[in-house]
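Below is run.txt, which holds compact mmCIF, C-alpha atoms and all ligand atoms.
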```
# COMPACT_ATOMS: atom_id res chain seq x y z
CA MET M 7 0.00 0.00 0.00
CA THR M 8 1.51 3.30 -1.08
CA ILE M 9 0.07 6.78 -1.10
CA GLN M 10 -0.39 7.82 -4.73
CA LYS M 11 -1.93 10.64 -6.70
CA THR M 12 -4.17 10.20 -9.72
CA LEU M 13 -5.88 12.52 -12.17
CA SER M 14 -9.66 12.70 -12.13
CA ILE M 15 -11.91 14.56 -14.55
CA ILE M 16 -15.58 15.18 -13.88
CA LYS M 17 -16.83 15.30 -17.47
CA PRO M 18 -19.27 17.71 -19.18
CA ASP M 19 -22.26 15.35 -18.79
CA ALA M 20 -21.90 15.13 -15.00
CA MET M 21 -21.17 18.87 -14.73
CA LYS M 22 -24.34 19.72 -16.72
CA LEU M 23 -26.41 17.40 -14.53
CA LYS M 24 -24.97 19.13 -11.43
CA TYR M 25 -23.41 15.92 -10.10
CA SER M 26 -19.98 17.40 -9.34
CA GLY M 27 -20.72 18.01 -5.63
CA LYS M 28 -22.09 14.49 -5.21
CA ILE M 29 -19.05 13.00 -6.96
CA ILE M 30 -16.61 14.99 -4.80
CA ASP M 31 -18.48 13.83 -1.65
CA PHE M 32 -18.32 10.25 -2.96
CA ILE M 33 -14.58 10.47 -3.60
CA GLU M 34 -13.86 12.06 -0.20
CA ASP M 35 -16.08 9.52 1.60
CA LYS M 36 -13.89 6.79 0.07
CA GLY M 37 -10.83 8.38 1.70
CA PHE M 38 -9.41 10.49 -1.15
CA SER M 39 -8.03 13.98 -0.53
CA VAL M 40 -8.38 16.59 -3.26
CA ILE M 41 -4.88 18.02 -3.75
CA ALA M 42 -5.63 20.37 -6.66
CA GLN M 43 -8.72 21.27 -8.60
CA LYS M 44 -9.77 23.54 -11.48
CA LYS M 45 -12.88 24.08 -13.58
CA ILE M 46 -12.00 24.64 -17.22
CA VAL M 47 -13.35 24.38 -20.76
CA LEU M 48 -10.97 22.49 -23.03
CA THR M 49 -10.17 23.74 -26.50
CA LYS M 50 -10.44 21.28 -29.38
CA SER M 51 -6.66 20.97 -29.69
CA GLN M 52 -6.25 20.44 -25.94
CA ALA M 53 -8.90 17.67 -25.96
CA GLU M 54 -7.28 16.05 -29.01
CA ALA M 55 -3.90 16.15 -27.27
CA PHE M 56 -5.25 14.74 -23.98
CA TYR M 57 -6.98 11.84 -25.75
CA SER M 58 -4.31 11.35 -28.47
CA VAL M 59 -3.87 7.72 -27.37
CA HIS M 60 -7.39 7.12 -28.77
CA LYS M 61 -6.87 9.00 -32.07
CA GLU M 62 -7.27 5.87 -34.22
CA ARG M 63 -10.46 4.79 -32.45
CA PRO M 64 -13.78 5.29 -34.30
CA PHE M 65 -15.18 7.34 -31.41
CA PHE M 66 -12.25 9.78 -31.22
CA TYR M 67 -13.85 12.86 -32.86
CA GLU M 68 -17.14 12.31 -31.01
CA LEU M 69 -15.20 12.02 -27.78
CA VAL M 70 -13.34 15.28 -28.47
CA ASP M 71 -16.62 17.09 -29.30
CA PHE M 72 -18.15 15.77 -26.09
CA MET M 73 -15.17 16.79 -23.95
CA ILE M 74 -15.28 20.37 -25.26
CA SER M 75 -19.07 20.67 -24.96
CA GLY M 76 -18.94 22.35 -21.54
CA PRO M 77 -16.90 22.87 -18.38
CA ILE M 78 -15.03 19.99 -16.79
CA LEU M 79 -13.65 19.74 -13.26
CA VAL M 80 -10.07 18.46 -13.25
CA GLN M 81 -8.62 17.18 -9.98
CA ILE M 82 -5.51 15.61 -8.57
CA ILE M 83 -6.70 13.26 -5.86
CA GLU M 84 -4.64 11.29 -3.36
CA ALA M 85 -5.20 8.05 -1.44
CA LYS M 86 -3.63 4.66 -0.79
CA ASP M 87 -3.13 2.98 -4.19
CA ALA M 88 -5.04 5.88 -5.73
CA VAL M 89 -4.72 4.81 -9.38
CA SER M 90 -6.25 1.35 -9.03
CA PHE M 91 -8.58 2.33 -6.19
CA TYR M 92 -10.08 5.22 -8.18
CA ARG M 93 -10.62 2.99 -11.22
CA GLU M 94 -12.37 0.49 -8.93
CA ILE M 95 -14.79 3.08 -7.53
CA MET M 96 -15.38 4.67 -10.98
CA GLY M 97 -16.63 1.33 -12.35
CA SER M 98 -16.57 0.03 -15.93
CA THR M 99 -16.31 2.47 -18.85
CA ASN M 100 -19.89 1.68 -19.88
CA PRO M 101 -22.26 2.72 -17.05
CA GLU M 102 -24.67 -0.05 -18.12
CA GLU M 103 -21.98 -2.60 -17.28
CA ALA M 104 -20.63 -0.80 -14.22
CA GLU M 105 -20.93 -2.43 -10.82
CA GLU M 106 -23.66 -1.21 -8.45
CA GLY M 107 -22.51 1.63 -6.22
CA THR M 108 -19.77 2.88 -8.56
CA ILE M 109 -19.57 6.48 -9.81
CA ARG M 110 -20.37 5.59 -13.40
CA LYS M 111 -23.32 3.39 -12.37
CA LEU M 112 -24.70 6.19 -10.18
CA TYR M 113 -23.93 9.22 -12.35
CA GLY M 114 -23.00 8.03 -15.88
CA THR M 115 -25.35 8.17 -18.88
CA ASN M 116 -23.72 6.04 -21.58
CA ILE M 117 -20.32 4.71 -22.73
CA GLN M 118 -19.22 8.19 -23.88
CA CYS M 119 -20.98 10.35 -21.28
CA ASN M 120 -19.67 8.29 -18.39
CA ALA M 121 -19.30 11.04 -15.76
CA VAL M 122 -15.61 10.65 -14.88
CA HIS M 123 -12.13 9.89 -16.14
CA GLY M 124 -9.33 8.38 -14.05
CA SER M 125 -5.72 7.69 -15.03
CA ASP M 126 -5.00 4.05 -15.91
CA SER M 127 -1.41 3.82 -14.57
CA ILE M 128 0.96 5.66 -12.24
CA GLU M 129 2.98 6.82 -15.25
CA ASN M 130 -0.13 8.22 -16.97
CA ALA M 131 -1.31 9.81 -13.70
CA ASN M 132 1.93 11.85 -13.66
CA ILE M 133 1.66 12.72 -17.37
CA GLU M 134 -2.03 13.69 -17.08
CA ALA M 135 -1.52 15.71 -13.87
CA SER M 136 1.27 17.66 -15.58
CA PHE M 137 -0.99 18.23 -18.60
CA PHE M 138 -3.41 20.26 -16.46
CA PHE M 139 -1.42 21.54 -13.49
CA SER M 140 1.86 23.39 -12.99
CA LYS M 141 4.38 22.12 -10.42
CA LEU M 142 3.35 24.95 -8.11
CA GLU M 143 -0.34 24.00 -8.31
CA MET M 144 0.45 20.37 -7.42
CA ILE M 145 1.95 21.29 -4.05
CA ILE M 146 -0.46 21.28 -1.12
P1 LIG C 201 -12.25 7.64 -20.44
O1 LIG C 201 -11.99 6.81 -19.23
O2 LIG C 201 -12.13 9.11 -20.27
O3 LIG C 201 -11.31 7.18 -21.64
C1 LIG C 201 -11.64 7.30 -22.99
C2 LIG C 201 -13.06 7.74 -23.18
O4 LIG C 201 -13.58 7.47 -24.45
C3 LIG C 201 -13.98 6.97 -22.23
O5 LIG C 201 -13.76 7.33 -20.92
C4 LIG C 201 -15.34 7.30 -22.82
O6 LIG C 201 -15.76 8.62 -22.47
C5 LIG C 201 -14.99 7.27 -24.31
N1 LIG C 201 -15.32 5.97 -24.92
C6 LIG C 201 -14.75 4.78 -24.69
N2 LIG C 201 -15.27 3.82 -25.46
C7 LIG C 201 -16.21 4.43 -26.22
C8 LIG C 201 -17.09 3.99 -27.24
N3 LIG C 201 -17.13 2.69 -27.62
N4 LIG C 201 -17.90 4.89 -27.81
C9 LIG C 201 -17.86 6.20 -27.46
N5 LIG C 201 -17.02 6.68 -26.48
C10 LIG C 201 -16.22 5.81 -25.88
```
So, in terms of structure tokens, how does the structure I just supplied come out?
Amino acid sequence: MTIQKTLSIIKPDAMKLKYSGKIIDFIEDKGFSVIAQKKIVLTKSQAEAFYSVHKERPFFYELVDFMISGPILVQIIEAKDAVSFYREIMGSTNPEEAEEGTIRKLYGTNIQCNAVHGSDSIENANIEASFFFSKLEMII
């Protein structure tokens, strides 16, 4: 068990439905601390860069359009084994397949509008945190 940080995004669908407060409560109730947080609207090129790993996927352009469709809340959150633990409490990518009691089951709409993003590895957590936050902003 090691204390780690991971990058969380509350996506435009959950922001529009006013679920951000509920999702933050959920995350904190599970033991996470919010280290840094900002509400932003991504530009098209920023969204394309963030999701560049998916650029060959058929849903890439739809995903980019969705991610720039409104404000998002980007957070660095910290807990024991944060990367894997956050992915566990987010649930499966598709809310219809997500386990009961997970964020995506509770607050997701469909496979694209699935409420939250969480980094999939420690390496990507560092890359994604640096994408959104300066070194100064990452210090508590
Ligand atoms: P996320 O965890 O942010 O990583 C990539 C995102 O692409 C994913 O959540 C969904 O929002 C979206 N996504 C994944 N698979 C599909 C799909 N089959 N169709 C549309 N969007 C998808």
- What lies within 9 Å of segment 69-83 of chain M using all atoms listed in the file, ignoring chain neighbours under 2 positions off, as a PyMOL selection string? chain M and resi 10-22+26+33+38-51+53-54+57+65-67+85+88+118-119+131+135+138-139+144
- Message: Can you measure atom CA of Tyr113 of chain M to atom CA of Ser140 of chain M for me? One decimal in Å is fine.
- Response: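 Going from atom CA of Tyr113 of chain M over to atom CA of Ser140 of chain M covers 29.4 Å.
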- Task: Pick out the closest residue to ligand LIG 201 (chain C) from this set: M:Asn100, M:Ser90, M:Ser127, M:Thr8. Count all atoms listed in the file.
- Result: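 Smallest separation from ligand LIG 201 (chain C) among the options: M:Asn100.
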Around ligand LIG 201 (chain C), with edges along x, y and z and 6 Å added on all six sides, what centre and edge lengths do you get, in Å to one decimal, as lines of an AutoDock Vina configuration file?
```
center_x = -14.6
center_y = 5.9
center_z = -23.5
size_x = 18.6
size_y = 18.4
size_z = 20.6
```
- Query: For Lys36 of chain M, which of M:Glu106, M:Ala121, M:Met96, M:Pro101 is the closest residue, counting all atoms listed in the file?
  - Reply: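 Nearest candidate to Lys36 of chain M out of M:Glu106, M:Ala121, M:Met96, M:Pro101: M:Met96.
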- Message: Would you compute the distance between atom CA of Lys28 of chain M and atom CA of Ala55 of chain M? Give it in Å to one decimal.
- Response: 28.6 Å
- Which one of M:Gly97, M:Lys111, M:Phe137, M:Glu129 sits closest to ligand LIG 201 (chain C) if you count all atoms listed in the file?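 For ligand LIG 201 (chain C), the nearest of the given residues is M:Gly97.
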